[in-house]
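Novice: To be precise about what I am sending: the file is called my_file-v8.pdb and holds PDB, C-alpha atoms, pLDDT in the B column.
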```pdb
ATOM      1  CA  MET A   1       1.752   5.158 -34.275  1.00 40.00           C
ATOM      2  CA  ALA A   2       4.557   2.791 -33.408  1.00 41.00           C
ATOM      3  CA  GLY A   3       6.316   1.239 -36.351  1.00 43.00           C
ATOM      4  CA  THR A   4       4.964   3.513 -39.073  1.00 49.00           C
ATOM      5  CA  THR A   5       8.174   5.526 -39.414  1.00 54.00           C
ATOM      6  CA  GLU A   6      10.108   2.409 -40.469  1.00 72.00           C
ATOM      7  CA  ILE A   7       7.978   1.924 -43.606  1.00 77.00           C
ATOM      8  CA  SER A   8       9.056   3.877 -46.675  1.00 79.00           C
ATOM      9  CA  THR A   9       6.384   5.887 -48.495  1.00 78.00           C
ATOM     10  CA  SER A  10       7.458   4.114 -51.703  1.00 81.00           C
ATOM     11  CA  ASP A  11       6.174   0.885 -50.165  1.00 85.00           C
ATOM     12  CA  THR A  12       2.717   2.262 -49.406  1.00 84.00           C
ATOM     13  CA  SER A  13      -0.417   2.915 -51.469  1.00 90.00           C
ATOM     14  CA  LEU A  14      -1.457   6.564 -51.493  1.00 88.00           C
ATOM     15  CA  THR A  15      -4.837   5.697 -53.032  1.00 90.00           C
ATOM     16  CA  PHE A  16      -5.593   3.190 -50.278  1.00 91.00           C
ATOM     17  CA  ALA A  17      -4.612   5.765 -47.655  1.00 90.00           C
ATOM     18  CA  LYS A  18      -6.997   8.297 -49.219  1.00 91.00           C
ATOM     19  CA  GLY A  19      -9.781   5.709 -49.181  1.00 91.00           C
ATOM     20  CA  LEU A  20      -9.269   5.165 -45.457  1.00 90.00           C
ATOM     21  CA  CYS A  21      -9.315   8.923 -44.975  1.00 91.00           C
ATOM     22  CA  VAL A  22     -12.743   9.000 -46.626  1.00 92.00           C
ATOM     23  CA  LEU A  23     -14.042   6.385 -44.191  1.00 90.00           C
ATOM     24  CA  LYS A  24     -12.608   8.238 -41.197  1.00 88.00           C
ATOM     25  CA  CYS A  25     -14.156  11.578 -42.134  1.00 89.00           C
ATOM     26  CA  PHE A  26     -17.597  10.306 -41.088  1.00 87.00           C
ATOM     27  CA  ASP A  27     -18.258  10.800 -37.378  1.00 78.00           C
ATOM     28  CA  ALA A  28     -21.003  11.695 -34.902  1.00 69.00           C
ATOM     29  CA  ASP A  29     -21.055  15.288 -36.145  1.00 76.00           C
ATOM     30  CA  ALA A  30     -20.901  14.328 -39.823  1.00 82.00           C
ATOM     31  CA  GLN A  31     -22.999  11.222 -40.394  1.00 87.00           C
ATOM     32  CA  GLN A  32     -24.011  12.301 -43.895  1.00 91.00           C
ATOM     33  CA  LEU A  33     -21.649  14.115 -46.246  1.00 93.00           C
ATOM     34  CA  THR A  34     -21.622  15.260 -49.854  1.00 94.00           C
ATOM     35  CA  ILE A  35     -18.702  14.755 -52.251  1.00 94.00           C
ATOM     36  CA  PRO A  36     -17.480  18.386 -51.831  1.00 94.00           C
ATOM     37  CA  GLU A  37     -17.625  18.039 -48.052  1.00 94.00           C
ATOM     38  CA  ILE A  38     -15.667  14.765 -48.140  1.00 94.00           C
ATOM     39  CA  ALA A  39     -13.076  16.296 -50.469  1.00 94.00           C
ATOM     40  CA  ARG A  40     -12.668  19.270 -48.148  1.00 93.00           C
ATOM     41  CA  ARG A  41     -12.371  17.128 -45.016  1.00 93.00           C
ATOM     42  CA  CYS A  42      -9.784  14.846 -46.625  1.00 92.00           C
ATOM     43  CA  GLY A  43      -7.906  17.599 -48.431  1.00 93.00           C
ATOM     44  CA  ILE A  44      -8.227  15.899 -51.823  1.00 93.00           C
ATOM     45  CA  ASP A  45      -9.556  16.799 -55.271  1.00 92.00           C
ATOM     46  CA  ARG A  46     -13.318  16.423 -55.786  1.00 94.00           C
ATOM     47  CA  ALA A  47     -12.869  14.078 -58.733  1.00 95.00           C
ATOM     48  CA  VAL A  48     -10.620  11.841 -56.618  1.00 94.00           C
ATOM     49  CA  ALA A  49     -13.082  11.964 -53.736  1.00 94.00           C
ATOM     50  CA  ARG A  50     -15.928  10.996 -56.071  1.00 94.00           C
ATOM     51  CA  ARG A  51     -14.085   7.909 -57.374  1.00 94.00           C
ATOM     52  CA  LEU A  52     -13.137   6.803 -53.870  1.00 95.00           C
ATOM     53  CA  VAL A  53     -16.659   7.259 -52.520  1.00 94.00           C
ATOM     54  CA  LEU A  54     -18.304   5.454 -55.430  1.00 94.00           C
ATOM     55  CA  THR A  55     -15.831   2.595 -55.006  1.00 94.00           C
ATOM     56  CA  LEU A  56     -16.824   2.318 -51.343  1.00 93.00           C
ATOM     57  CA  VAL A  57     -20.503   2.451 -52.335  1.00 95.00           C
ATOM     58  CA  ARG A  58     -19.969  -0.390 -54.789  1.00 94.00           C
ATOM     59  CA  LEU A  59     -18.157  -2.431 -52.122  1.00 92.00           C
ATOM     60  CA  GLY A  60     -20.982  -1.815 -49.655  1.00 92.00           C
ATOM     61  CA  TYR A  61     -19.121   0.189 -47.003  1.00 91.00           C
ATOM     62  CA  VAL A  62     -20.847   3.470 -47.887  1.00 93.00           C
ATOM     63  CA  ARG A  63     -24.438   4.034 -48.916  1.00 93.00           C
ATOM     64  CA  GLN A  64     -25.837   6.797 -51.084  1.00 93.00           C
ATOM     65  CA  THR A  65     -28.983   8.846 -50.487  1.00 91.00           C
ATOM     66  CA  ARG A  66     -29.420  11.284 -53.356  1.00 90.00           C
ATOM     67  CA  ARG A  67     -26.297  13.475 -53.146  1.00 91.00           C
ATOM     68  CA  SER A  68     -25.363  12.499 -49.604  1.00 93.00           C
ATOM     69  CA  TYR A  69     -23.306   9.561 -48.415  1.00 94.00           C
ATOM     70  CA  SER A  70     -23.082   7.742 -45.085  1.00 93.00           C
ATOM     71  CA  LEU A  71     -21.415   4.662 -43.649  1.00 90.00           C
ATOM     72  CA  SER A  72     -23.233   1.340 -43.904  1.00 91.00           C
ATOM     73  CA  PRO A  73     -23.327  -1.406 -41.245  1.00 87.00           C
ATOM     74  CA  ARG A  74     -20.739  -3.324 -43.304  1.00 89.00           C
ATOM     75  CA  ILE A  75     -18.099  -0.953 -41.917  1.00 85.00           C
ATOM     76  CA  LEU A  76     -18.236  -2.999 -38.697  1.00 80.00           C
ATOM     77  CA  VAL A  77     -16.715  -5.925 -40.584  1.00 82.00           C
ATOM     78  CA  LEU A  78     -13.414  -4.040 -40.604  1.00 79.00           C
ATOM     79  CA  ALA A  79     -13.311  -4.123 -36.792  1.00 76.00           C
ATOM     80  CA  GLY A  80     -14.662  -7.662 -36.532  1.00 76.00           C
ATOM     81  CA  GLY A  81     -11.331  -9.345 -37.232  1.00 74.00           C
ATOM     82  CA  PHE A  82      -9.603  -7.426 -34.435  1.00 75.00           C
ATOM     83  CA  LEU A  83     -12.354  -7.998 -31.868  1.00 76.00           C
ATOM     84  CA  GLN A  84     -12.886 -11.646 -32.723  1.00 75.00           C
ATOM     85  CA  GLY A  85      -9.163 -12.355 -32.923  1.00 71.00           C
ATOM     86  CA  ARG A  86      -8.716 -10.969 -29.399  1.00 71.00           C
ATOM     87  CA  ARG A  87     -11.781 -12.928 -28.209  1.00 75.00           C
ATOM     88  CA  PHE A  88     -13.536  -9.830 -26.925  1.00 79.00           C
ATOM     89  CA  GLY A  89     -16.933 -11.481 -26.951  1.00 75.00           C
ATOM     90  CA  LEU A  90     -15.809 -14.807 -25.470  1.00 80.00           C
ATOM     91  CA  ALA A  91     -13.159 -13.707 -22.977  1.00 84.00           C
ATOM     92  CA  ILE A  92     -12.780  -9.961 -22.483  1.00 87.00           C
ATOM     93  CA  GLN A  93     -16.430  -8.934 -22.197  1.00 89.00           C
ATOM     94  CA  PRO A  94     -17.343 -11.593 -19.564  1.00 91.00           C
ATOM     95  CA  VAL A  95     -14.401 -10.515 -17.380  1.00 92.00           C
ATOM     96  CA  LEU A  96     -15.416  -6.864 -17.651  1.00 92.00           C
ATOM     97  CA  GLU A  97     -19.028  -7.728 -16.854  1.00 92.00           C
ATOM     98  CA  GLY A  98     -17.995  -9.798 -13.853  1.00 92.00           C
ATOM     99  CA  PHE A  99     -16.064  -6.969 -12.233  1.00 94.00           C
ATOM    100  CA  ALA A 100     -18.797  -4.452 -13.106  1.00 92.00           C
ATOM    101  CA  ALA A 101     -21.277  -6.694 -11.287  1.00 91.00           C
ATOM    102  CA  GLN A 102     -18.994  -6.836  -8.258  1.00 89.00           C
ATOM    103  CA  CYS A 103     -18.899  -3.065  -7.850  1.00 89.00           C
ATOM    104  CA  GLY A 104     -22.319  -2.329  -9.376  1.00 89.00           C
ATOM    105  CA  GLN A 105     -20.800   0.271 -11.687  1.00 91.00           C
ATOM    106  CA  PRO A 106     -20.150   0.604 -15.451  1.00 90.00           C
ATOM    107  CA  LEU A 107     -16.628  -0.274 -16.621  1.00 93.00           C
ATOM    108  CA  SER A 108     -14.857   0.293 -19.934  1.00 92.00           C
ATOM    109  CA  MET A 109     -11.668  -0.821 -21.641  1.00 94.00           C
ATOM    110  CA  ALA A 110      -9.589   1.154 -24.132  1.00 94.00           C
ATOM    111  CA  MET A 111      -6.336   1.128 -26.078  1.00 93.00           C
ATOM    112  CA  ARG A 112      -4.359   3.970 -27.608  1.00 93.00           C
ATOM    113  CA  ASP A 113      -4.809   4.814 -31.279  1.00 89.00           C
ATOM    114  CA  GLY A 114      -2.319   7.530 -32.140  1.00 87.00           C
ATOM    115  CA  GLU A 115      -3.172  10.546 -29.987  1.00 89.00           C
ATOM    116  CA  ASP A 116      -6.564   9.210 -28.861  1.00 91.00           C
ATOM    117  CA  ALA A 117      -7.875   6.524 -26.562  1.00 93.00           C
ATOM    118  CA  ILE A 118     -10.419   4.309 -28.312  1.00 91.00           C
ATOM    119  CA  PHE A 119     -13.082   2.297 -26.478  1.00 90.00           C
ATOM    120  CA  LEU A 120     -12.963  -1.426 -27.244  1.00 89.00           C
ATOM    121  CA  ALA A 121     -15.400  -2.767 -24.652  1.00 88.00           C
ATOM    122  CA  HIS A 122     -18.004  -1.428 -22.248  1.00 87.00           C
ATOM    123  CA  THR A 123     -20.420  -2.877 -19.758  1.00 86.00           C
ATOM    124  CA  GLY A 124     -23.160  -1.197 -17.751  1.00 74.00           C
ATOM    125  CA  GLY A 125     -23.846  -1.047 -14.056  1.00 60.00           C
ATOM    126  CA  ASP A 126     -26.010   0.737 -11.510  1.00 53.00           C
ATOM    127  CA  GLY A 127     -24.001   3.940 -11.802  1.00 48.00           C
ATOM    128  CA  LEU A 128     -25.093   6.781 -14.040  1.00 48.00           C
ATOM    129  CA  ALA A 129     -23.404   6.541 -17.443  1.00 48.00           C
ATOM    130  CA  PRO A 130     -21.520   9.568 -18.806  1.00 48.00           C
ATOM    131  CA  ARG A 131     -23.775  11.889 -20.748  1.00 50.00           C
ATOM    132  CA  LEU A 132     -21.819  11.877 -23.988  1.00 52.00           C
ATOM    133  CA  GLY A 133     -23.062   8.420 -24.988  1.00 62.00           C
ATOM    134  CA  PHE A 134     -19.781   6.525 -25.333  1.00 70.00           C
ATOM    135  CA  THR A 135     -19.813   3.179 -27.101  1.00 76.00           C
ATOM    136  CA  VAL A 136     -17.330   0.768 -28.678  1.00 80.00           C
ATOM    137  CA  GLY A 137     -15.274   2.797 -31.152  1.00 81.00           C
ATOM    138  CA  SER A 138     -15.722   6.115 -29.327  1.00 84.00           C
ATOM    139  CA  ARG A 139     -12.554   8.162 -29.061  1.00 86.00           C
ATOM    140  CA  LEU A 140     -11.256  10.139 -26.098  1.00 90.00           C
ATOM    141  CA  PRO A 141      -8.451  12.721 -25.916  1.00 93.00           C
ATOM    142  CA  LEU A 142      -5.335  11.338 -24.236  1.00 94.00           C
ATOM    143  CA  LEU A 143      -4.482  14.316 -22.064  1.00 95.00           C
ATOM    144  CA  ALA A 144      -7.899  15.360 -20.713  1.00 94.00           C
ATOM    145  CA  THR A 145      -9.298  12.003 -19.596  1.00 95.00           C
ATOM    146  CA  ALA A 146      -8.443   9.431 -16.948  1.00 96.00           C
ATOM    147  CA  MET A 147      -8.479   6.656 -19.553  1.00 95.00           C
ATOM    148  CA  GLY A 148      -6.148   8.542 -21.878  1.00 96.00           C
ATOM    149  CA  ARG A 149      -3.704   9.486 -19.149  1.00 96.00           C
ATOM    150  CA  ALA A 150      -3.713   5.927 -17.804  1.00 96.00           C
ATOM    151  CA  LEU A 151      -2.572   4.751 -21.238  1.00 96.00           C
ATOM    152  CA  VAL A 152       0.166   7.381 -21.393  1.00 96.00           C
ATOM    153  CA  VAL A 153       1.435   6.378 -17.928  1.00 95.00           C
ATOM    154  CA  GLN A 154       2.305   2.910 -19.238  1.00 94.00           C
ATOM    155  CA  GLU A 155       4.480   4.197 -22.068  1.00 94.00           C
ATOM    156  CA  PRO A 156       8.299   4.327 -21.713  1.00 93.00           C
ATOM    157  CA  PRO A 157       9.458   7.686 -20.235  1.00 92.00           C
ATOM    158  CA  GLU A 158      10.667   9.131 -23.551  1.00 94.00           C
ATOM    159  CA  ARG A 159       7.445   8.195 -25.373  1.00 94.00           C
ATOM    160  CA  ARG A 160       5.406   9.461 -22.430  1.00 94.00           C
ATOM    161  CA  ALA A 161       7.087  12.853 -22.678  1.00 95.00           C
ATOM    162  CA  GLN A 162       6.567  12.961 -26.461  1.00 95.00           C
ATOM    163  CA  LEU A 163       2.834  12.252 -26.177  1.00 95.00           C
ATOM    164  CA  VAL A 164       2.348  14.918 -23.520  1.00 96.00           C
ATOM    165  CA  ALA A 165       4.256  17.402 -25.683  1.00 95.00           C
ATOM    166  CA  GLU A 166       2.471  16.619 -28.967  1.00 94.00           C
ATOM    167  CA  ALA A 167      -1.042  15.279 -28.255  1.00 94.00           C
ATOM    168  CA  PRO A 168      -3.818  17.853 -28.766  1.00 92.00           C
ATOM    169  CA  VAL A 169      -4.843  19.937 -25.777  1.00 92.00           C
ATOM    170  CA  ALA A 170      -8.277  21.547 -25.546  1.00 91.00           C
ATOM    171  CA  ALA A 171     -10.371  23.146 -22.807  1.00 92.00           C
ATOM    172  CA  TRP A 172     -13.256  20.674 -22.731  1.00 93.00           C
ATOM    173  CA  THR A 173     -14.654  22.143 -19.498  1.00 94.00           C
ATOM    174  CA  GLU A 174     -13.734  24.889 -17.059  1.00 94.00           C
ATOM    175  CA  LYS A 175     -11.801  22.287 -15.057  1.00 95.00           C
ATOM    176  CA  THR A 176      -9.694  20.926 -17.920  1.00 96.00           C
ATOM    177  CA  ILE A 177      -5.974  21.141 -17.217  1.00 95.00           C
ATOM    178  CA  THR A 178      -4.437  22.511 -20.419  1.00 94.00           C
ATOM    179  CA  ASP A 179      -0.951  23.257 -19.128  1.00 96.00           C
ATOM    180  CA  ARG A 180       1.219  20.437 -20.494  1.00 96.00           C
ATOM    181  CA  ALA A 181       3.720  20.672 -17.642  1.00 96.00           C
ATOM    182  CA  ALA A 182       0.898  20.237 -15.120  1.00 96.00           C
ATOM    183  CA  VAL A 183      -0.450  17.232 -17.046  1.00 96.00           C
ATOM    184  CA  MET A 184       3.047  15.733 -17.096  1.00 95.00           C
ATOM    185  CA  ARG A 185       3.337  16.123 -13.326  1.00 95.00           C
ATOM    186  CA  LEU A 186       0.024  14.302 -12.849  1.00 93.00           C
ATOM    187  CA  ILE A 187       1.104  11.464 -15.124  1.00 94.00           C
ATOM    188  CA  GLU A 188       4.551  11.124 -13.561  1.00 92.00           C
ATOM    189  CA  GLY A 189       2.994  11.171 -10.098  1.00 91.00           C
ATOM    190  CA  ALA A 190       0.675   8.321 -11.038  1.00 88.00           C
ATOM    191  CA  ALA A 191       3.414   6.193 -12.620  1.00 83.00           C
ATOM    192  CA  PRO A 192       4.032   3.971  -9.542  1.00 83.00           C
ATOM    193  CA  SER A 193       0.405   2.804  -9.278  1.00 87.00           C
ATOM    194  CA  GLY A 194      -0.771   3.503 -12.825  1.00 89.00           C
ATOM    195  CA  ILE A 195      -4.061   4.904 -11.476  1.00 94.00           C
ATOM    196  CA  MET A 196      -5.367   8.176 -12.917  1.00 95.00           C
ATOM    197  CA  HIS A 197      -8.293  10.352 -11.838  1.00 94.00           C
ATOM    198  CA  CYS A 198     -10.111  13.144 -13.664  1.00 95.00           C
ATOM    199  CA  ASP A 199     -12.750  15.253 -11.970  1.00 94.00           C
ATOM    200  CA  GLY A 200     -14.960  17.102 -14.437  1.00 93.00           C
ATOM    201  CA  GLU A 201     -12.154  17.769 -16.921  1.00 95.00           C
ATOM    202  CA  PHE A 202     -13.841  16.130 -19.902  1.00 93.00           C
ATOM    203  CA  GLU A 203     -17.505  15.993 -18.867  1.00 91.00           C
ATOM    204  CA  PRO A 204     -18.934  18.533 -16.420  1.00 92.00           C
ATOM    205  CA  GLY A 205     -19.858  16.885 -13.130  1.00 91.00           C
ATOM    206  CA  VAL A 206     -18.404  13.503 -14.093  1.00 92.00           C
ATOM    207  CA  THR A 207     -15.492  11.912 -12.232  1.00 94.00           C
ATOM    208  CA  ALA A 208     -13.437   9.156 -13.841  1.00 94.00           C
ATOM    209  CA  THR A 209     -10.827   6.659 -12.646  1.00 96.00           C
ATOM    210  CA  ALA A 210      -8.663   4.438 -14.858  1.00 97.00           C
ATOM    211  CA  ILE A 211      -5.654   2.160 -14.598  1.00 97.00           C
ATOM    212  CA  GLY A 212      -3.360   1.234 -17.470  1.00 94.00           C
ATOM    213  CA  PHE A 213      -1.584  -2.070 -17.920  1.00 93.00           C
ATOM    214  CA  ARG A 214       0.700  -3.775 -20.392  1.00 91.00           C
ATOM    215  CA  CYS A 215      -0.816  -6.863 -22.049  1.00 85.00           C
ATOM    216  CA  SER A 216       1.035 -10.159 -22.309  1.00 80.00           C
ATOM    217  CA  GLY A 217       1.565  -9.375 -26.006  1.00 78.00           C
ATOM    218  CA  GLY A 218       3.203  -6.051 -25.168  1.00 85.00           C
ATOM    219  CA  GLU A 219       0.344  -3.725 -26.093  1.00 88.00           C
ATOM    220  CA  ILE A 220      -0.952  -1.140 -23.638  1.00 93.00           C
ATOM    221  CA  ALA A 221      -4.581  -1.082 -22.490  1.00 94.00           C
ATOM    222  CA  ALA A 222      -6.588   0.555 -19.725  1.00 96.00           C
ATOM    223  CA  VAL A 223      -9.761  -0.154 -17.802  1.00 96.00           C
ATOM    224  CA  GLY A 224     -11.794   2.658 -16.354  1.00 95.00           C
ATOM    225  CA  HIS A 225     -14.912   3.839 -14.601  1.00 94.00           C
ATOM    226  CA  SER A 226     -16.840   7.092 -14.803  1.00 91.00           C
ATOM    227  CA  ALA A 227     -19.943   8.329 -13.027  1.00 89.00           C
ATOM    228  CA  GLU A 228     -21.532  11.422 -11.565  1.00 89.00           C
ATOM    229  CA  GLY A 229     -19.130  13.077  -9.147  1.00 90.00           C
ATOM    230  CA  SER A 230     -21.534  12.537  -6.249  1.00 91.00           C
ATOM    231  CA  PHE A 231     -20.723   8.819  -6.335  1.00 91.00           C
ATOM    232  CA  TYR A 232     -17.096   9.608  -5.503  1.00 93.00           C
ATOM    233  CA  GLU A 233     -18.171  11.635  -2.479  1.00 92.00           C
ATOM    234  CA  MET A 234     -19.612   8.541  -0.806  1.00 94.00           C
ATOM    235  CA  PRO A 235     -17.364   7.082   1.925  1.00 95.00           C
ATOM    236  CA  GLY A 236     -15.135   4.296   0.653  1.00 94.00           C
ATOM    237  CA  PHE A 237     -16.322   4.557  -2.958  1.00 95.00           C
ATOM    238  CA  ARG A 238     -13.048   5.720  -4.536  1.00 94.00           C
ATOM    239  CA  PRO A 239     -10.814   3.027  -2.962  1.00 94.00           C
ATOM    240  CA  ARG A 240     -13.412   0.380  -3.848  1.00 95.00           C
ATOM    241  CA  ILE A 241     -13.374   1.419  -7.515  1.00 95.00           C
ATOM    242  CA  GLU A 242      -9.580   1.546  -7.548  1.00 95.00           C
ATOM    243  CA  ALA A 243      -9.326  -1.965  -6.099  1.00 95.00           C
ATOM    244  CA  THR A 244     -11.873  -3.283  -8.606  1.00 95.00           C
ATOM    245  CA  LEU A 245      -9.991  -1.749 -11.540  1.00 96.00           C
ATOM    246  CA  GLN A 246      -6.689  -3.180 -10.309  1.00 95.00           C
ATOM    247  CA  ARG A 247      -8.141  -6.691 -10.087  1.00 95.00           C
ATOM    248  CA  CYS A 248      -9.845  -6.304 -13.461  1.00 95.00           C
ATOM    249  CA  ALA A 249      -6.623  -5.123 -15.114  1.00 94.00           C
ATOM    250  CA  SER A 250      -4.753  -8.077 -13.643  1.00 93.00           C
ATOM    251  CA  ALA A 251      -7.355 -10.500 -14.991  1.00 93.00           C
ATOM    252  CA  LEU A 252      -7.367  -8.922 -18.467  1.00 92.00           C
ATOM    253  CA  ARG A 253      -3.593  -8.715 -18.736  1.00 88.00           C
ATOM    254  CA  GLY A 254      -3.199 -12.407 -19.445  1.00 80.00           C
ATOM    255  CA  LEU A 255      -6.046 -12.504 -21.970  1.00 81.00           C
ATOM    256  CA  LEU A 256      -4.650  -9.934 -24.403  1.00 76.00           C
TER     257      LEU A 256
END
```
Take the structure from the file and write it as structure tokens.

Specialist:
Amino acid sequence: MAGTTEISTSDTSLTFAKGLCVLKCFDADAQQLTIPEIARRCGIDRAVARRLVLTLVRLGYVRQTRRSYSLSPRILVLAGGFLQGRRFGLAIQPVLEGFAAQCGQPLSMAMRDGEDAIFLAHTGGDGLAPRLGFTVGSRLPLLATAMGRALVVQEPPERRAQLVAEAPVAAWTEKTITDRAAVMRLIEGAAPSGIMHCDGEFEPGVTATAIGFRCSGGEIAAVGHSAEGSFYEMPGFRPRIEATLQRCASALRGLL
């Protein structure tokens, strides 16, 4: 992430970093973990993992059920400062909902976190939601999704090239473009408008559109839409979604 290379390791806390690693090792596929499993996922000694986990249990961020551990609702407090400070509930969410109502389709907003796109807001619509059950905090691969590519498009050329060269590539579906040069051509081709499309590359049968934008504070964000591919076959649907996303991005730009 930007800025991390300028901080010397002597000025950081290794223990704190390991504690954050423990929190991050819980996900949709690993909601409950034992101490050995946590140690293995974090690459740390079991005794160290045990002390870190028990500290988090005592602080209320992790709860214990016999020999298994899982995140508690208190973990959401860690994100609360970011979301409240950016006025997501008061300003961002109403704007997103307004444009979703205009087009009658679900819309989402994301920012880049390292080599992933992370959902920060979502609102429903009449369109069919993607089947993977995305919600606030869900992560998407940068190079195989419209939202991820839309974020990459907004980066400076040298950073754009670095992300395409280094971000993970995986064949999520039969349609996923895994050739980095081909992905780079798509991203470079979309640079003038900032609009990216993905047709079934991350979710079979699902088409997605997204547009990235630079916030007034300098950070990069993207707004996007995804629905069953049949929606995009309807006359005029694609340009209508693109226009909605462009107006939504313009409205959000000044709020972030």

Novice: Which value, in Å to one decimal, gives the distance between CA of Gly81 in chain A and CA of Ala110 in chain A?

Specialist: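 Going from CA of Gly81 in chain A over to CA of Ala110 in chain A, I get 16.9 Å.
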
Novice: Between A:Thr178, A:Leu256, A:Leu245, A:Ser230, which residue has the minimum interatomic distance to Gly98 in chain A, considering all atoms listed in the file?

Specialist: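 With all atoms listed in the file as the atom set, the closest residue is A:Leu245.
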
Novice: Interatomic distance between CA of Thr209 in chain A and CA of Gln93 in chain A?

Specialist: 19.1 Å

Novice: Quick one: residues within 10 Å of range 27-33 of chain A, all atoms listed in the file counted, chain neighbours fewer than 6 positions away excluded, as a list in words?

Specialist: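 Surrounding residues, per the criterion: Ala39, Arg41, Arg63, Gln64, Thr65, Arg67, Ser68, Tyr69, Ser70, Leu71 and Ser138 of chain A.
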
Novice: Can you spell out as an NGL selection string the set of residues that the PyMOL selection byres ((chain A and resi 96) around 8) selects in the structure I just provided?

Specialist: :A and (92-95 or 97-100 or 107-108 or 122-123 or 248)

Novice: Near His197 in chain A, within 12 Å and counting all atoms listed in the file, which residues show up once chain neighbours fewer than 5 positions away are dropped, as an MDAnalysis selection string?

Specialist: chainID A and resid 143:150 183 186:187 189:190 202 206:212 224:227 229 232 238:239 241:242

Novice: Taking 6 positions as the minimum chain separation for residues in the same chain, which residues sit within 8 Å of Asp116 in chain A when counting all atoms listed in the file? Answer as a PyMOL selection string.

Specialist: chain A and resi 139-142+148

Novice: List the residues sitting within 10 Å of (-16.2, -2.7, -46.9) in the file's frame, using all atoms listed in the file, as number ranges by chain.

Specialist: A: 23, 55-62, 71-78

Novice: Box for range 186-200 of chain A - axis-aligned, 4 Å on each of the six sides, all listed atoms - centre and size in Å to one decimal, as JSON.

Specialist:
```
{"center_x": -5.2, "center_y": 10.0, "center_z": -12.2, "size_x": 27.5, "size_y": 22.3, "size_z": 13.8}
```

Novice: Do you know which residues the PyMOL selection byres ((chain A and resi 111) around 8) returns on this file, as a list in words?

Specialist: Met109, Ala110, Arg112, Asp113, Ala117, Ile118, Phe119, Leu120, Leu151, Ile220, Ala221 and Ala222 of chain A
